[in-house]
>>> print(open('work04.tsv').read())   # TSV, C-alpha atoms
chain	number	residue	atom	x	y	z
A	12	MET	CA	25.09	70.05	-24.55
A	13	ALA	CA	26.15	73.72	-24.22
A	14	GLN	CA	24.31	74.15	-20.92
A	15	ASP	CA	25.31	70.78	-19.48
A	16	PRO	CA	28.50	69.30	-21.04
A	17	GLY	CA	28.05	66.17	-18.96
A	18	LEU	CA	25.22	65.13	-21.30
A	19	ILE	CA	27.73	64.49	-24.13
A	20	VAL	CA	28.57	61.06	-22.74
A	21	SER	CA	24.95	59.97	-22.42
A	22	LEU	CA	24.04	61.41	-25.85
A	23	LEU	CA	26.86	59.51	-27.57
A	24	ALA	CA	25.95	56.30	-25.75
A	25	ASN	CA	22.24	56.52	-26.62
A	26	GLU	CA	22.15	58.29	-30.00
A	27	LEU	CA	24.98	56.57	-31.88
A	28	PRO	CA	23.24	53.18	-32.26
A	29	THR	CA	19.95	54.81	-33.31
A	30	LYS	CA	21.62	56.72	-36.19
A	31	SER	CA	22.03	53.53	-38.20
A	32	THR	CA	18.76	54.25	-40.06
A	33	PHE	CA	20.17	57.56	-41.28
A	34	PHE	CA	23.30	55.86	-42.65
A	35	ILE	CA	21.20	53.11	-44.27
A	36	GLN	CA	19.17	55.75	-46.10
A	37	TYR	CA	22.33	57.62	-47.05
A	38	VAL	CA	23.98	54.47	-48.49
A	39	PHE	CA	20.83	53.53	-50.41
A	40	ILE	CA	20.41	57.00	-51.98
A	41	VAL	CA	24.09	57.44	-52.87
A	42	THR	CA	24.32	53.96	-54.40
A	43	SER	CA	21.11	54.13	-56.43
A	44	LEU	CA	21.65	57.66	-57.74
A	45	GLY	CA	25.39	57.22	-58.29
A	46	VAL	CA	25.10	53.92	-60.16
A	47	GLY	CA	22.17	55.18	-62.25
A	48	ILE	CA	23.93	58.39	-63.30
A	49	GLU	CA	27.15	56.48	-63.97
A	50	LEU	CA	25.48	53.92	-66.23
A	51	LEU	CA	23.31	56.45	-68.08
A	52	ARG	CA	26.30	58.84	-68.50
A	53	ILE	CA	24.10	61.93	-68.42
A	54	GLY	CA	26.99	64.37	-68.00
A	55	PRO	CA	29.17	63.04	-70.87
A	56	VAL	CA	26.13	62.91	-73.18
A	57	VAL	CA	25.30	66.58	-72.48
A	58	MET	CA	28.95	67.63	-72.96
A	59	ALA	CA	29.20	65.64	-76.20
A	60	SER	CA	26.02	67.26	-77.58
A	61	LEU	CA	27.38	70.74	-76.79
A	62	ARG	CA	30.69	69.75	-78.38
A	63	SER	CA	28.95	68.67	-81.58
A	64	LYS	CA	26.99	71.95	-81.77
A	65	PHE	CA	29.67	74.52	-80.99
A	66	GLY	CA	33.02	72.78	-81.60
A	67	PRO	CA	34.95	72.52	-84.89
A	68	ASN	CA	33.50	69.71	-87.02
A	69	LEU	CA	35.13	70.15	-90.43
A	70	THR	CA	36.90	66.77	-90.53
A	71	GLU	CA	36.37	63.43	-88.86
A	72	LYS	CA	39.49	63.94	-86.76
A	73	GLU	CA	38.17	67.25	-85.41
A	74	LYS	CA	34.85	65.65	-84.52
A	75	ASN	CA	36.55	63.01	-82.36
A	76	THR	CA	38.93	65.34	-80.48
A	77	PRO	CA	38.12	67.39	-77.33
A	78	TRP	CA	37.51	71.11	-77.64
A	79	LEU	CA	38.05	73.33	-74.59
A	80	PHE	CA	36.44	71.30	-71.77
A	81	PHE	CA	33.90	69.58	-74.06
A	82	SER	CA	34.68	66.00	-75.08
A	83	PRO	CA	32.89	63.79	-77.64
A	84	LEU	CA	31.69	60.32	-76.76
A	85	ALA	CA	34.40	58.82	-78.98
A	86	CYS	CA	37.08	60.21	-76.64
A	87	PRO	CA	37.22	57.89	-73.56
A	88	PRO	CA	37.54	59.75	-70.23
A	89	LEU	CA	39.85	58.92	-67.33
A	90	PHE	CA	38.43	57.25	-64.25
A	91	ASN	CA	38.26	59.48	-61.16
A	92	HIS	CA	39.63	57.13	-58.52
A	93	ALA	CA	39.62	59.74	-55.74
A	94	ALA	CA	35.89	60.49	-55.92
A	95	VAL	CA	34.81	56.85	-56.11
A	96	LEU	CA	37.23	55.40	-53.56
A	97	SER	CA	36.44	58.11	-51.00
A	98	THR	CA	32.80	56.98	-51.07
A	99	VAL	CA	33.87	53.33	-50.79
A	100	VAL	CA	36.07	54.10	-47.75
A	101	LEU	CA	33.14	55.90	-46.08
A	102	PHE	CA	30.90	52.87	-46.73
A	103	CYS	CA	33.55	50.57	-45.22
A	104	MET	CA	33.74	52.77	-42.13
A	105	ILE	CA	29.94	52.65	-41.72
A	106	LEU	CA	30.01	48.87	-42.18
A	107	PHE	CA	32.69	48.26	-39.55
A	108	VAL	CA	31.08	50.56	-36.98
A	109	TYR	CA	27.47	49.38	-37.35
A	110	ALA	CA	28.04	45.69	-38.15
A	111	ALA	CA	27.93	44.95	-34.41
A	112	LEU	CA	25.53	47.72	-33.36
A	113	ALA	CA	22.94	47.36	-36.15
A	114	PRO	CA	23.34	44.13	-38.21
A	115	LEU	CA	20.80	45.31	-40.81
A	116	THR	CA	23.41	47.82	-41.99
A	117	ALA	CA	25.70	44.97	-43.07
A	118	ILE	CA	23.01	43.53	-45.37
A	119	ILE	CA	22.32	46.90	-47.01
A	120	LEU	CA	26.02	47.58	-47.53
A	121	THR	CA	26.56	44.11	-49.01
A	122	LEU	CA	23.91	44.87	-51.66
A	123	SER	CA	25.49	48.29	-52.19
A	124	PHE	CA	28.96	46.81	-52.78
A	125	MET	CA	27.52	44.27	-55.24
A	126	ALA	CA	25.83	47.04	-57.25
A	127	LEU	CA	28.93	49.26	-57.21
A	128	GLY	CA	31.20	46.36	-58.20
A	129	SER	CA	29.14	45.27	-61.19
A	130	ALA	CA	28.53	48.84	-62.41
A	131	TYR	CA	32.10	50.10	-62.21
A	132	ARG	CA	33.48	46.83	-63.58
A	133	HIS	CA	31.38	47.40	-66.70
A	134	GLN	CA	32.46	51.04	-66.94
A	135	LEU	CA	36.16	50.26	-66.52
A	136	ILE	CA	36.06	47.61	-69.24
A	137	TYR	CA	33.91	49.36	-71.86
A	138	ILE	CA	33.90	53.11	-71.14
A	139	TYR	CA	37.01	54.47	-69.44
A	140	ALA	CA	40.46	54.59	-71.00
A	141	PRO	CA	42.86	51.89	-69.70
A	142	ALA	CA	45.60	54.41	-68.92
A	143	GLN	CA	45.76	54.20	-65.12
A	144	GLU	CA	47.20	50.76	-64.45
A	145	SER	CA	49.07	50.75	-61.13
A	146	GLY	CA	50.39	47.20	-61.23
A	147	GLY	CA	48.56	46.21	-58.05
A	148	LYS	CA	49.89	49.09	-55.90
A	149	LEU	CA	46.41	50.57	-55.51
A	150	TRP	CA	45.18	47.34	-53.94
A	151	MET	CA	48.03	47.35	-51.40
A	152	ASN	CA	47.19	50.91	-50.35
A	153	PHE	CA	43.51	50.09	-50.11
A	154	ILE	CA	44.21	47.10	-47.83
A	155	SER	CA	46.09	49.37	-45.41
A	156	ILE	CA	43.19	51.85	-45.48
A	157	ILE	CA	40.69	49.07	-44.70
A	158	ILE	CA	42.75	47.88	-41.71
A	159	ASN	CA	42.93	51.45	-40.37
A	160	CYS	CA	39.14	51.71	-40.73
A	161	MET	CA	38.77	48.47	-38.79
A	162	MET	CA	40.93	49.77	-35.95
A	163	LEU	CA	39.03	53.07	-35.81
A	164	ALA	CA	35.69	51.23	-35.76
A	165	GLN	CA	36.91	48.99	-32.94
A	166	LEU	CA	37.97	52.04	-30.95
A	167	THR	CA	34.50	53.54	-31.47
A	168	ILE	CA	32.77	50.36	-30.26
A	169	ILE	CA	35.09	50.11	-27.22
A	170	ALA	CA	34.35	53.75	-26.34
A	171	LEU	CA	30.62	53.17	-26.76
A	172	LEU	CA	30.68	50.13	-24.48
A	173	ALA	CA	32.70	52.08	-21.94
A	174	LEU	CA	30.12	54.90	-22.01
A	175	LYS	CA	27.38	52.34	-21.34
A	176	GLU	CA	29.40	51.23	-18.29
A	177	SER	CA	29.79	47.66	-19.58
A	178	ILE	CA	33.16	47.06	-17.97
A	179	VAL	CA	33.43	43.29	-18.61
A	180	VAL	CA	32.42	43.57	-22.28
A	181	THR	CA	34.80	46.49	-22.78
A	182	ILE	CA	37.74	44.53	-21.35
A	183	LEU	CA	36.91	41.52	-23.55
A	184	THR	CA	36.79	43.76	-26.66
A	185	VAL	CA	40.23	45.30	-26.16
A	186	PRO	CA	42.14	42.16	-27.34
A	187	ILE	CA	40.39	42.44	-30.72
A	188	LEU	CA	42.02	45.82	-31.26
A	189	LEU	CA	45.42	44.42	-30.27
A	190	ILE	CA	45.04	41.45	-32.63
A	191	THR	CA	44.17	43.81	-35.51
A	192	GLY	CA	47.30	45.89	-34.79
A	193	PHE	CA	49.49	42.74	-34.79
A	194	PHE	CA	47.87	41.60	-38.03
A	195	LYS	CA	48.67	44.96	-39.67
A	196	SER	CA	52.33	44.69	-38.65
A	197	TYR	CA	52.45	41.09	-39.92
A	198	ILE	CA	51.00	42.11	-43.29
A	199	ASN	CA	53.52	44.93	-43.66
A	200	GLN	CA	56.46	42.70	-42.74
A	201	ARG	CA	55.70	39.55	-44.72
A	202	HIS	CA	53.23	39.89	-47.58
A	203	PHE	CA	54.33	43.28	-48.93
A	204	LYS	CA	58.08	42.69	-48.56
A	205	VAL	CA	58.09	39.31	-50.29
A	206	VAL	CA	56.63	40.95	-53.38
A	207	GLU	CA	59.63	43.25	-53.70
A	208	CYS	CA	62.51	41.02	-52.50
A	209	LEU	CA	63.48	37.42	-53.13
A	210	PRO	CA	63.01	34.77	-50.42
A	211	SER	CA	65.95	34.03	-48.15
A	212	HIS	CA	66.90	30.70	-49.80
A	213	GLU	CA	66.98	32.38	-53.22
A	214	CYS	CA	69.21	35.13	-51.82
A	215	CYS	CA	71.60	32.46	-50.48
A	216	LYS	CA	71.73	30.83	-53.92
A	217	ARG	CA	72.64	34.14	-55.53
A	218	ASP	CA	75.33	34.76	-52.93
A	219	ALA	CA	76.90	31.38	-53.63
A	220	ALA	CA	76.62	31.64	-57.43
A	221	SER	CA	78.21	35.06	-57.97
A	222	ASP	CA	81.08	37.04	-56.55
A	223	PHE	CA	78.91	40.09	-56.02
A	224	TYR	CA	81.51	41.83	-53.84
A	225	ILE	CA	83.56	42.57	-56.96
A	226	THR	CA	81.40	42.30	-60.07
A	227	GLU	CA	77.88	43.19	-59.00
A	228	SER	CA	76.06	45.77	-56.91
A	229	PHE	CA	73.54	45.30	-54.13
A	230	GLU	CA	70.91	47.49	-55.82
A	231	ASP	CA	69.21	44.86	-58.00
A	232	LEU	CA	70.70	41.68	-56.56
A	233	TYR	CA	67.80	40.60	-54.31
A	234	VAL	CA	64.90	42.13	-56.26
A	235	GLN	CA	62.26	39.98	-57.92
A	236	PRO	CA	63.15	39.45	-61.62
A	237	GLU	CA	59.67	40.57	-62.73
A	238	LEU	CA	60.25	43.98	-61.16
A	239	LEU	CA	63.47	44.48	-63.11
A	240	THR	CA	61.85	44.09	-66.54
A	241	LYS	CA	60.28	47.28	-67.78
A	242	GLU	CA	57.34	47.64	-70.11
A	243	VAL	CA	58.33	47.92	-73.75
A	244	LEU	CA	57.52	51.53	-74.57
A	245	PRO	CA	58.98	53.80	-77.27
A	246	GLY	CA	60.89	55.79	-74.67
A	247	ASN	CA	62.62	53.02	-72.68
A	248	ILE	CA	63.65	50.47	-75.32
A	249	GLY	CA	67.24	49.41	-74.79
A	250	THR	CA	69.86	48.99	-77.50
A	251	LYS	CA	69.75	45.16	-77.43
A	252	LEU	CA	65.97	45.08	-77.68
A	253	ARG	CA	66.05	47.70	-80.44
A	254	LYS	CA	68.45	45.51	-82.43
A	255	LYS	CA	66.18	42.50	-82.00
A	256	ILE	CA	63.19	44.48	-83.19
A	257	SER	CA	65.12	45.74	-86.22
A	258	ILE	CA	66.17	42.18	-87.10
A	259	MET	CA	62.59	40.94	-86.81
A	260	LYS	CA	61.33	43.61	-89.19
A	261	PRO	CA	61.09	42.49	-92.83
A	262	LYS	CA	63.57	44.11	-95.16
A	263	LYS	CA	62.27	46.49	-97.77
A	264	HIS	CA	63.30	45.34	-101.24
A	265	LYS	CA	64.15	47.92	-103.83
A	266	LYS	CA	63.19	47.70	-107.45
A	267	ARG	CA	66.11	47.89	-109.82
A	268	LYS	CA	66.12	48.44	-113.51
A	269	ARG	CA	68.29	46.72	-116.08
A	270	ARG	CA	68.74	46.92	-119.77
A	271	ASP	CA	67.17	44.08	-121.75
A	272	LYS	CA	69.28	42.44	-124.46
A	273	ASN	CA	66.48	41.74	-126.92
A	274	VAL	CA	64.92	45.20	-126.78
A	275	GLY	CA	66.97	48.17	-127.90
A	276	ASN	CA	67.19	50.94	-125.36
A	277	THR	CA	63.93	50.16	-123.60
A	278	MET	CA	64.03	49.62	-119.87
A	279	LYS	CA	61.90	47.22	-117.93
A	280	THR	CA	61.55	46.66	-114.22
A	281	GLU	CA	63.08	43.61	-112.66
A	282	PRO	CA	61.32	41.57	-109.96
A	283	MET	CA	62.02	42.49	-106.32
A	284	MET	CA	65.54	41.44	-105.28
A	285	ALA	CA	67.25	41.21	-101.95
A	286	GLU	CA	69.75	43.89	-101.06
A	287	ASP	CA	72.68	41.47	-100.89
A	288	GLU	CA	71.84	39.84	-104.26
A	289	THR	CA	74.21	41.06	-107.04
A	290	PHE	CA	73.87	41.22	-110.80
A	291	ASP	CA	75.65	38.89	-113.17
A	292	LYS	CA	78.96	39.92	-114.64
A	293	ASP	CA	77.58	40.32	-118.19
A	294	GLU	CA	74.60	42.37	-116.95
A	295	GLN	CA	75.74	45.57	-115.34
A	296	ALA	CA	73.22	47.80	-113.54
A	297	PRO	CA	72.75	51.03	-115.49
A	298	SER	CA	74.22	54.03	-113.75
A	299	LYS	CA	72.09	57.13	-113.35
A	300	PRO	CA	73.06	60.01	-115.63
A	301	PRO	CA	74.64	62.92	-113.77
A	302	LEU	CA	72.41	65.89	-113.07
A	303	PRO	CA	73.12	69.09	-115.00
A	304	PRO	CA	74.84	71.83	-112.99
A	305	GLU	CA	71.80	74.09	-113.19
A	306	SER	CA	69.57	71.59	-111.36
A	307	VAL	CA	72.30	71.03	-108.77
>>> encode(input="work04.tsv", output="structure tokens")
Amino acid sequence: MAQDPGLIVSLLANELPTKSTFFIQYVFIVTSLGVGIELLRIGPVVMASLRSKFGPNLTEKEKNTPWLFFSPLACPPLFNHAAVLSTVVLFCMILFVYAALAPLTAIILTLSFMALGSAYRHQLIYIYAPAQESGGKLWMNFISIIINCMMLAQLTIIALLALKESIVVTILTVPILLITGFFKSYINQRHFKVVECLPSHECCKRDAASDFYITESFEDLYVQPELLTKEVLPGNIGTKLRKKISIMKPKKHKKRKRRDKNVGNTMKTEPMMAEDETFDKDEQAPSKPPLPPESV
């Protein structure tokens, strides 16, 4: 290629379809080793054993807390989305490029996705901490990434057909790329916007029902009601919801003492009484003796 740059075109046209065996081997090795190591959890087991040997273990709380960068098995780790999804995006790119050039690649990648799906579904349910919920936003971003991979794969196939001087096939393949671009614009306009905003007939109903020009603002008028309700967390509880929670809590009853008529100066405890319940007129609650000045 350095001596004759004109060979680049012929090398790409002839060598790209034959490299499917390399990618099949790569997918098989990465899937088998990655899933096996993930299910066996070799790294966390080694770190937990080192933590139990060298970390502070005086109490049960200290045993179950991380120390430096060593974590026990009782402390659930966070899922590394970037490392796993980067591999998945690479597999999708290989699938879209070689599905038409080498159909055997599609079968291998289908088995790979089935193994990855079952393995990581088990790990996300039983192993990793459920602290990275995105509310479906991760899926929307992943759909856009998949469509971009499809367009890049279609460009690669069109370029490969053009290098092989298949003019008719190349011209017939170009509309597929245009249809994918129109589909991406349609998805961005319709399906993602309707999740955030109300439909047009619902917006007309709100316009007719309220004088929003005077009393309301445009900020939250056409937003889906589910997006306006926040999760009930200790930091974002409103005053109304805090009052409801305080009303729902059971009241703590205090024990009060009273002087018995039959016994001399002995005191006995009375059953638990509500705070608003008062004593009878003839039975006055004993007042506490004042503290001496020294104790004060």
>>> residues_around(input="work04.tsv", residues="stretch 110-115 of chain A", least_positions_apart="6", cutoff="10 Å", atoms="all atoms listed in the file", output="number ranges by chain")
A: 27-32, 35, 104, 164-165, 168, 171
>>> residues_near_point(input="work04.tsv", point="(22.5, 54.1, -64.5)", cutoff="12 Å", atoms="all atoms listed in the file", output="list in words")
Thr42, Ser43, Leu44, Gly45, Val46, Gly47, Ile48, Glu49, Leu50, Leu51, Arg52, Ile53, Gly54, Ala126, Leu127, Ser129, Ala130, Tyr131, His133 and Gln134 of chain A
>>> atom_distance(input="work04.tsv", atom1="atom CA of A:Phe39", atom2="atom CA of A:Pro55")
24.1 Å
>>> residues_around(input="work04.tsv", residues="stretch 183-185 of chain A", least_positions_apart="5", cutoff="12 Å", atoms="only C-alpha atoms", output="PyMOL selection string")
chain A and resi 111+162+164-173+177-178+190-192
>>> atom_distance(input="work04.tsv", atom1="atom CA of A:Val95", atom2="atom CA of A:Leu79")
25.0 Å
>>> closest_residue(input="work04.tsv", among="A:Leu188, A:Leu23, A:Leu101, A:Leu106", to="A:Ile118", atoms="all atoms listed in the file")
A:Leu106
>>> closest_residue(input="work04.tsv", among="A:Ile136, A:Leu96, A:Phe34, A:Glu213", to="A:Trp150", atoms="only C-alpha atoms")
A:Leu96
>>> atom_distance(input="work04.tsv", atom1="atom CA of A:Leu18", atom2="atom CA of A:Lys175")
13.0 Å
>>> closest_residue(input="work04.tsv", among="A:Leu122, A:Ala24, A:Met151, A:Ile19", to="A:Glu176", atoms="all atoms listed in the file")
A:Ala24
>>> closest_residue(input="work04.tsv", among="A:Phe33, A:Ala142, A:Val99, A:Tyr233", to="A:His212", atoms="only C-alpha atoms")
A:Tyr233
